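Q: Before anything else, here's the structure in question.
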Amino acid sequence: MAKQGLTPQGEDFSAWYNEIVQAAELASHSQVRGCMVVRPYGYRIWELIQAGLDRMFKDTGHENAYFPLFLPKSALDREADHVEGFAPETAVVTHAGGRELEEPLVVRPTSEAIIWPILADWIQSYRDLPVLLNQWANVVRWELRTRPFLRTTEFLWQEGHTAHATDEEAEEEARRMLGVYRTFMDEHMGLAVVTGEKTPDERFAGAKRTYATEALMKDGKALQAGTSHHLGQNFARAFDVQFQTEHGEHDYVWSTSWGVSTRLIGALIMTHGDDQGLVLPPRLAPFQVVIVPIWKSDEERARVMDTACRLELELGEMGVRVKLDGRETHNPGAKFYEWERKGVPLRIEIGPRDIEAGQAVLVRRLVLEGQDRKAATGLDGLSESVPALLDEIQSSMLEASRARREASSRRDFGSYEDLRSWIEESPGFAFAGWCGGVECARRGKEDLKVTIRVIPDEEFRSDDVPTRCVVCDQPSTTEALWARAY
RNA sequence: CGGGGCGUGGCGCAGUCCGGUAGCGCACCUGCUUUGGGAGCAGGGGGUCGCCGGUUCAAAUCCGGCCGCCCCGACCA
């Protein structure tokens with residue numbers, strides 16, 4: 001007895017979130033405000049995210065590089081919108097080596113202003129294009145309000161930066177990478193998203209177009225999970241990145257940038273987690289299976305551990321990330337709670353009774369309608385059956401996320417008041433008309449704390465296209481996804 | 001930056017109003033008994049009470065100043 005559980009999600013989602021980050025040993029606060037320590041268990045999840053994405057980036061022709069942490073303050077000032085967007089939230093180094101610097105250095109809030117001056121030298125001719133780069137890095141944004149993983153002062157991310165000869169190619173690239181993110185979120189994270197384009201108001205500072213994937217968290221709020229920007233020739237002009245075309249003319253390159261961050265871990269927590277703790281999709285789980293041996297006497301211990309070790313070996317050979325929890329300092333019940341809290345998809349309990357019967361008890365972390373949580377399973381062929389079971393869990397998590405997204409979406413708003421009462425009672429994704437007016441978007445934000453997350457892509461649009469703007473009731477120019485957001 | 005809260009062993013807190021030996025739970029260490037859903041008993045270790053100054057015989061407690069963190073809003077991946 002003793003340790004009580006987490007605050008239930010339904011009681012205080014925010015408290016639940018903060019507690020789970022600590023309880024699952026994902027992160028801790030550091031000495032500096034807004035900065036977090038990513039603990040080994042949380043970092044392993046990040047490594048798995050990195051591994052999955054990095055593969056996909058390479059498969060689409062990108063190469064990794066690394067650019068510096070600092071940039072001269074003057075470089076940030078080159079692109080007008082970009083400075084305006086980022087200057088207020090930068091950390092600036094004014095002293096180094098015991099002296100005041102002649103020109104202050106900015107700690108990168110993003111790397112466009114570092115990368116483009118360099119690429120200007122690399123790119124001379126159309127033959128040098130496209131340039132397809134990615135870097136895994138840390139960036140610093142001095143946010144006023146921080147939350148572990150969702151918004152921290154320093155965070156880890158990847159940022160892709162590409163240069164192209166034509167507008168069309170850059171557009172294609174920005175779209176391609178949005179697609180990569182979407183696929184990753186679907187297949188690795190079990191995270192159903194809506195893709196689309198940001199409104200001019202919500203665009204990346206300096207971008208021509210910004211695309212995003214928006215995910216729905218269990219509390220009904222939206223989370224921007226990934227973004228991909230078509231930067232047009234804005235940065236090329238600002239940093240004078242010109243190339244000679246096939247016809248001998250000079251032109252500015254067309255560029256893109258795209259990124260996802262450790263925020264994805266926050267998305268995992270708030271998409272799949274429950275009152276017992278974290279629930280991890282198998283592809284991103286540090287341990288996919290944990291084996292908990294049970295014994296009373298030393299003699300039993302020897303027998304049980306013998307079988308458990310064999311099982312661990314077999315599972316490892318099947319390519320399963322497996323952990324045999326043979327600690328003698330904790331009793332089985334304590335281990336059950338711990339691994340459930342940490343979201344391990346499958347647990348195998350094995351004790352003397354099981355060995356007698358030639359079986360083990362297989363326990364699912366996530367139990368869906370009609371499934372048994374625990375099932376006695378014969379030891380023969382158990383290992384072989386695990387990969388398929390993990391795949392099944394993986395896809396059922398995406399299905400569940402899709403179902404939740406649909407259940408929390410509404411597409412038939414009759415009026416602004418209708419939107420108001422719905423968003424206040426059961427927040428979610430509101431697909432509704434928009435006149436295209438900035439005023440209407442701002443009113444929704446100030447009044448209902450609702451923003452246009454994206455103008456959804458074709459496949460997410462409603463069959464019955466809304467004809468009126470949900471705010472002003474004037475004719476609608478487009479359908480928008482409205483939601484409260486993190 | 002506005003509003004609220006909090007700084008006391010690793011974590012969570014009580015004690016502060018009304019000054020007088022620094023306490024509780026968890027965690028930790030040792031031993032024995034336990035182990036199929038967060039073990040029990042016994043013993044033990046660990047804190048200049050956020051910092052600086054003031055009042056007092058005496059300050060975690062009263063007074064002044066500073067710093068930090070968390071939560072709620074505006075900015076944001």
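Residues in the structure tokens are named by chain (A, B, ... in the order shown) and by number from 1 within that chain; ligands are numbered from 1 in the order shown.
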Region 64-74 of chain B: which residues within 9 Å, counting only C-alpha atoms (C1' of nucleotides), same-chain residues fewer than 6 positions away excluded, as a PyMOL selection string?
A: (chain A and resi 31+33) or (chain B and resi 1-7+50-54)
Q: Select all residues from chain B having any atom no more than 8 Å from an atom of chain A (counting only C-alpha atoms (C1' of nucleotides), ignoring ligands), output as a PyMOL selection string.
A: chain B and resi 26+35-39+69+75-77
Q: Could you please determine the separation between CA of Trp122 (chain A) and CA of Glu169 (chain A) in Å, to one decimal place?
A: 19.0 Å
Q: Please return, as an mmCIF file with C-alpha atoms, in the first residue's frame, all residues of region 110-332 of chain A that DSSP assigns to alpha helix (DSSP H) on the basis of the backbone.
A:
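The result, written out as states.cif:
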data_model
loop_
_atom_site.group_PDB
_atom_site.id
_atom_site.type_symbol
_atom_site.label_atom_id
_atom_site.label_comp_id
_atom_site.auth_asym_id
_atom_site.auth_seq_id
_atom_site.Cartn_x
_atom_site.Cartn_y
_atom_site.Cartn_z
ATOM 1 C CA GLU A 112 17.737 29.927 -41.086
ATOM 2 C CA ALA A 113 19.879 32.958 -40.333
ATOM 3 C CA ILE A 114 22.902 30.759 -39.663
ATOM 4 C CA ILE A 115 22.505 28.383 -42.562
ATOM 5 C CA TRP A 116 21.636 30.693 -45.437
ATOM 6 C CA PRO A 117 24.782 32.843 -45.367
ATOM 7 C CA ILE A 118 26.747 29.593 -45.595
ATOM 8 C CA LEU A 119 24.614 28.095 -48.339
ATOM 9 C CA ALA A 120 25.043 31.298 -50.317
ATOM 10 C CA ASP A 121 28.662 30.233 -50.769
ATOM 11 C CA TRP A 122 27.843 26.637 -51.509
ATOM 12 C CA ASP A 167 8.923 27.614 -56.792
ATOM 13 C CA GLU A 168 7.235 24.343 -57.805
ATOM 14 C CA GLU A 169 10.096 22.211 -56.520
ATOM 15 C CA ALA A 170 10.144 24.004 -53.188
ATOM 16 C CA GLU A 171 6.410 23.653 -52.888
ATOM 17 C CA GLU A 172 6.694 19.968 -53.661
ATOM 18 C CA GLU A 173 9.410 19.585 -51.019
ATOM 19 C CA ALA A 174 7.419 21.390 -48.324
ATOM 20 C CA ARG A 175 4.466 19.157 -49.112
ATOM 21 C CA ARG A 176 6.594 16.023 -49.239
ATOM 22 C CA MET A 177 7.999 16.635 -45.776
ATOM 23 C CA LEU A 178 4.593 17.364 -44.352
ATOM 24 C CA GLY A 179 3.670 13.961 -45.752
ATOM 25 C CA VAL A 180 6.701 12.373 -44.104
ATOM 26 C CA TYR A 181 5.617 13.795 -40.766
ATOM 27 C CA ARG A 182 2.097 12.613 -41.275
ATOM 28 C CA THR A 183 3.278 9.096 -42.106
ATOM 29 C CA PHE A 184 5.571 9.041 -39.091
ATOM 30 C CA ASN A 234 12.375 35.524 -48.881
ATOM 31 C CA PHE A 235 15.423 34.106 -47.175
ATOM 32 C CA ALA A 236 17.361 33.836 -50.422
ATOM 33 C CA ARG A 237 16.845 37.560 -50.975
ATOM 34 C CA ALA A 238 17.705 38.404 -47.382
ATOM 35 C CA ARG A 263 7.097 18.251 -28.230
ATOM 36 C CA LEU A 264 6.231 14.980 -29.957
ATOM 37 C CA ILE A 265 6.812 13.275 -26.615
ATOM 38 C CA GLY A 266 4.192 15.569 -25.112
ATOM 39 C CA ALA A 267 1.886 14.559 -27.931
ATOM 40 C CA LEU A 268 2.441 10.883 -27.141
ATOM 41 C CA ILE A 269 1.672 11.439 -23.475
ATOM 42 C CA MET A 270 -1.536 13.375 -24.075
ATOM 43 C CA THR A 271 -2.767 11.169 -26.888
ATOM 44 C CA HIS A 272 -2.359 7.739 -25.366
ATOM 45 C CA ASP A 298 15.472 -19.812 -3.966
ATOM 46 C CA GLU A 299 14.762 -23.047 -5.728
ATOM 47 C CA GLU A 300 11.728 -21.547 -7.437
ATOM 48 C CA ARG A 301 13.709 -18.467 -8.270
ATOM 49 C CA ALA A 302 16.325 -20.526 -10.074
ATOM 50 C CA ARG A 303 13.729 -22.378 -12.126
ATOM 51 C CA VAL A 304 11.701 -19.278 -12.978
ATOM 52 C CA MET A 305 14.719 -17.192 -13.881
ATOM 53 C CA ASP A 306 16.005 -19.983 -16.074
ATOM 54 C CA THR A 307 12.840 -19.913 -18.159
ATOM 55 C CA ALA A 308 12.577 -16.133 -18.026
ATOM 56 C CA CYS A 309 16.126 -15.705 -19.309
ATOM 57 C CA ARG A 310 15.432 -18.065 -22.166
ATOM 58 C CA LEU A 311 12.328 -16.098 -23.035
ATOM 59 C CA GLU A 312 14.272 -12.854 -22.908
ATOM 60 C CA LEU A 313 16.867 -14.275 -25.280
ATOM 61 C CA GLU A 314 14.250 -15.558 -27.715
ATOM 62 C CA LEU A 315 12.415 -12.250 -27.761
ATOM 63 C CA GLY A 316 15.648 -10.398 -28.327
ATOM 64 C CA GLU A 317 16.368 -12.645 -31.288
ATOM 65 C CA PRO A 332 6.013 -8.326 -8.332
#
Q: Would you mind listing what lies within 7 Å of Ala285 (chain A) as a PyMOL selection string, with only C-alpha atoms (C1' of nucleotides) counted and same-chain residues fewer than 4 positions away left out?
A: chain A and resi 45+280-281+344
Q: Can I get the selection written as a short mmCIF file (atom, residue, chain, number, x, y, z; two decimals), in the first residue's frame, with N, CA, C and O atoms?
A:
data_model
loop_
_atom_site.label_atom_id
_atom_site.label_comp_id
_atom_site.auth_asym_id
_atom_site.auth_seq_id
_atom_site.Cartn_x
_atom_site.Cartn_y
_atom_site.Cartn_z
N ILE A 45 13.00 7.42 -25.71
CA ILE A 45 11.86 7.64 -26.60
C ILE A 45 12.26 8.61 -27.71
O ILE A 45 11.96 8.39 -28.88
N LEU A 280 2.64 3.66 -24.29
CA LEU A 280 3.51 3.92 -25.43
C LEU A 280 3.19 3.02 -26.61
O LEU A 280 2.93 1.83 -26.45
N PRO A 281 3.22 3.60 -27.82
CA PRO A 281 3.08 2.76 -29.01
C PRO A 281 4.33 1.89 -29.12
O PRO A 281 5.43 2.37 -28.88
N VAL A 344 4.83 0.44 -20.80
CA VAL A 344 5.32 -0.71 -21.56
C VAL A 344 4.12 -1.49 -22.14
O VAL A 344 3.22 -1.89 -21.40
#
Q: Report as a PyMOL selection string all protein, DNA and RNA residues lying within 10 Å of region 251-253 of chain A, evaluated on only C-alpha atoms (C1' of nucleotides), omitting residues in the same chain fewer than 2 positions from it.
A: chain A and resi 120+123+125-126+129-130+162-167+170+231-245+248-249+255
Q: Using N, CA, C and O atoms, can you export the residues from the last selection as a CSV table (one decimal), in the first residue's frame?
A:
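Generated output (result-v1.csv):
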chain,number,residue,atom,x,y,z
A,120,ALA,N,24.8,30.3,-49.2
A,120,ALA,CA,25.0,31.3,-50.3
A,120,ALA,C,26.4,31.0,-51.0
A,120,ALA,O,26.5,31.2,-52.2
A,123,ILE,N,26.2,27.5,-53.0
A,123,ILE,CA,25.3,27.4,-54.2
A,123,ILE,C,25.8,28.4,-55.3
A,123,ILE,O,25.8,29.6,-55.0
A,125,SER,N,25.4,27.4,-59.0
A,125,SER,CA,24.7,27.0,-60.2
A,125,SER,C,23.5,26.2,-60.0
A,125,SER,O,23.4,25.6,-58.9
A,126,TYR,N,22.7,26.1,-61.0
A,126,TYR,CA,21.5,25.2,-60.9
A,126,TYR,C,22.0,23.7,-60.7
A,126,TYR,O,21.3,22.9,-60.2
A,129,LEU,N,21.9,22.5,-57.2
A,129,LEU,CA,20.6,22.3,-56.6
A,129,LEU,C,19.9,21.0,-56.9
A,129,LEU,O,20.3,20.4,-58.0
A,130,PRO,N,19.0,20.5,-56.1
A,130,PRO,CA,18.7,21.0,-54.8
A,130,PRO,C,19.7,20.7,-53.7
A,130,PRO,O,20.4,19.8,-53.9
A,162,THR,N,16.1,23.3,-47.2
A,162,THR,CA,16.4,22.9,-48.5
A,162,THR,C,16.4,24.1,-49.5
A,162,THR,O,15.7,25.1,-49.2
A,163,ALA,N,17.1,24.0,-50.6
A,163,ALA,CA,17.1,25.0,-51.6
A,163,ALA,C,16.8,24.4,-52.9
A,163,ALA,O,17.3,23.3,-53.2
A,164,HIS,N,16.0,25.1,-53.7
A,164,HIS,CA,15.6,24.6,-55.0
A,164,HIS,C,15.6,25.6,-56.1
A,164,HIS,O,15.6,26.8,-55.8
A,165,ALA,N,15.6,25.1,-57.3
A,165,ALA,CA,15.7,26.1,-58.4
A,165,ALA,C,14.3,26.7,-58.8
A,165,ALA,O,14.3,27.8,-59.4
A,166,THR,N,13.3,26.1,-58.4
A,166,THR,CA,12.0,26.6,-58.8
A,166,THR,C,11.0,26.6,-57.6
A,166,THR,O,11.1,25.9,-56.6
A,167,ASP,N,10.0,27.5,-57.7
A,167,ASP,CA,8.9,27.6,-56.8
A,167,ASP,C,8.2,26.3,-56.7
A,167,ASP,O,8.0,25.8,-55.5
A,170,ALA,N,10.2,23.7,-54.6
A,170,ALA,CA,10.1,24.0,-53.2
A,170,ALA,C,8.8,23.7,-52.6
A,170,ALA,O,8.7,23.1,-51.5
A,231,LEU,N,9.4,28.7,-48.0
A,231,LEU,CA,9.9,30.1,-47.6
A,231,LEU,C,9.9,31.0,-48.8
A,231,LEU,O,10.4,32.1,-48.7
A,232,GLY,N,9.5,30.5,-50.0
A,232,GLY,CA,9.6,31.3,-51.2
A,232,GLY,C,11.0,31.7,-51.4
A,232,GLY,O,12.0,30.9,-51.2
A,233,GLN,N,11.2,33.0,-51.9
A,233,GLN,CA,12.6,33.5,-52.1
A,233,GLN,C,13.0,34.5,-51.0
A,233,GLN,O,14.0,35.2,-51.1
A,234,ASN,N,12.2,34.5,-49.9
A,234,ASN,CA,12.4,35.5,-48.9
A,234,ASN,C,13.8,35.4,-48.2
A,234,ASN,O,14.4,36.4,-48.1
A,235,PHE,N,14.1,34.2,-47.8
A,235,PHE,CA,15.4,34.1,-47.2
A,235,PHE,C,16.6,34.2,-48.2
A,235,PHE,O,17.6,34.7,-47.9
A,236,ALA,N,16.3,33.7,-49.4
A,236,ALA,CA,17.4,33.8,-50.4
A,236,ALA,C,17.7,35.3,-50.7
A,236,ALA,O,18.8,35.7,-50.9
A,237,ARG,N,16.6,36.1,-50.8
A,237,ARG,CA,16.8,37.6,-51.0
A,237,ARG,C,17.6,38.2,-49.8
A,237,ARG,O,18.5,39.0,-49.9
A,238,ALA,N,17.1,37.8,-48.6
A,238,ALA,CA,17.7,38.4,-47.4
A,238,ALA,C,19.2,38.1,-47.2
A,238,ALA,O,20.0,38.9,-46.8
A,239,PHE,N,19.5,36.8,-47.7
A,239,PHE,CA,20.9,36.4,-47.5
A,239,PHE,C,21.7,36.3,-48.8
A,239,PHE,O,22.7,35.7,-48.9
A,240,ASP,N,21.1,36.8,-49.9
A,240,ASP,CA,21.7,36.9,-51.2
A,240,ASP,C,22.1,35.5,-51.7
A,240,ASP,O,23.3,35.3,-52.0
A,241,VAL,N,21.2,34.6,-51.7
A,241,VAL,CA,21.5,33.2,-52.2
A,241,VAL,C,21.1,33.1,-53.6
A,241,VAL,O,19.9,32.8,-53.9
A,242,GLN,N,22.0,33.4,-54.5
A,242,GLN,CA,21.6,33.4,-56.0
A,242,GLN,C,22.3,32.2,-56.7
A,242,GLN,O,23.4,31.8,-56.2
A,243,PHE,N,21.8,31.8,-57.8
A,243,PHE,CA,22.4,30.8,-58.6
A,243,PHE,C,22.2,31.1,-60.1
A,243,PHE,O,21.3,31.9,-60.4
A,244,GLN,N,23.0,30.5,-60.9
A,244,GLN,CA,22.9,30.7,-62.3
A,244,GLN,C,22.0,29.6,-62.9
A,244,GLN,O,22.3,28.4,-62.7
A,245,THR,N,21.0,30.0,-63.7
A,245,THR,CA,20.1,29.0,-64.2
A,245,THR,C,20.7,28.4,-65.5
A,245,THR,O,21.8,28.8,-65.9
A,248,GLY,N,21.7,30.7,-68.0
A,248,GLY,CA,22.7,31.7,-67.7
A,248,GLY,C,22.3,32.9,-67.0
A,248,GLY,O,23.0,33.8,-66.7
A,249,GLU,N,21.0,32.9,-66.6
A,249,GLU,CA,20.5,34.0,-65.8
A,249,GLU,C,20.7,33.8,-64.3
A,249,GLU,O,21.0,32.7,-63.9
A,255,SER,N,13.4,28.2,-51.1
A,255,SER,CA,13.8,27.4,-50.0
A,255,SER,C,12.6,26.9,-49.1
A,255,SER,O,11.5,27.4,-49.2
Q: Going by DSSP on the backbone, which residues of region 92-271 of chain A come out as strand (DSSP E)? List them as number ranges by chain.
A: A: 92-96, 99-107, 131-140, 154-164, 193-197, 209-216, 222-232, 242-244, 250-252, 254-261
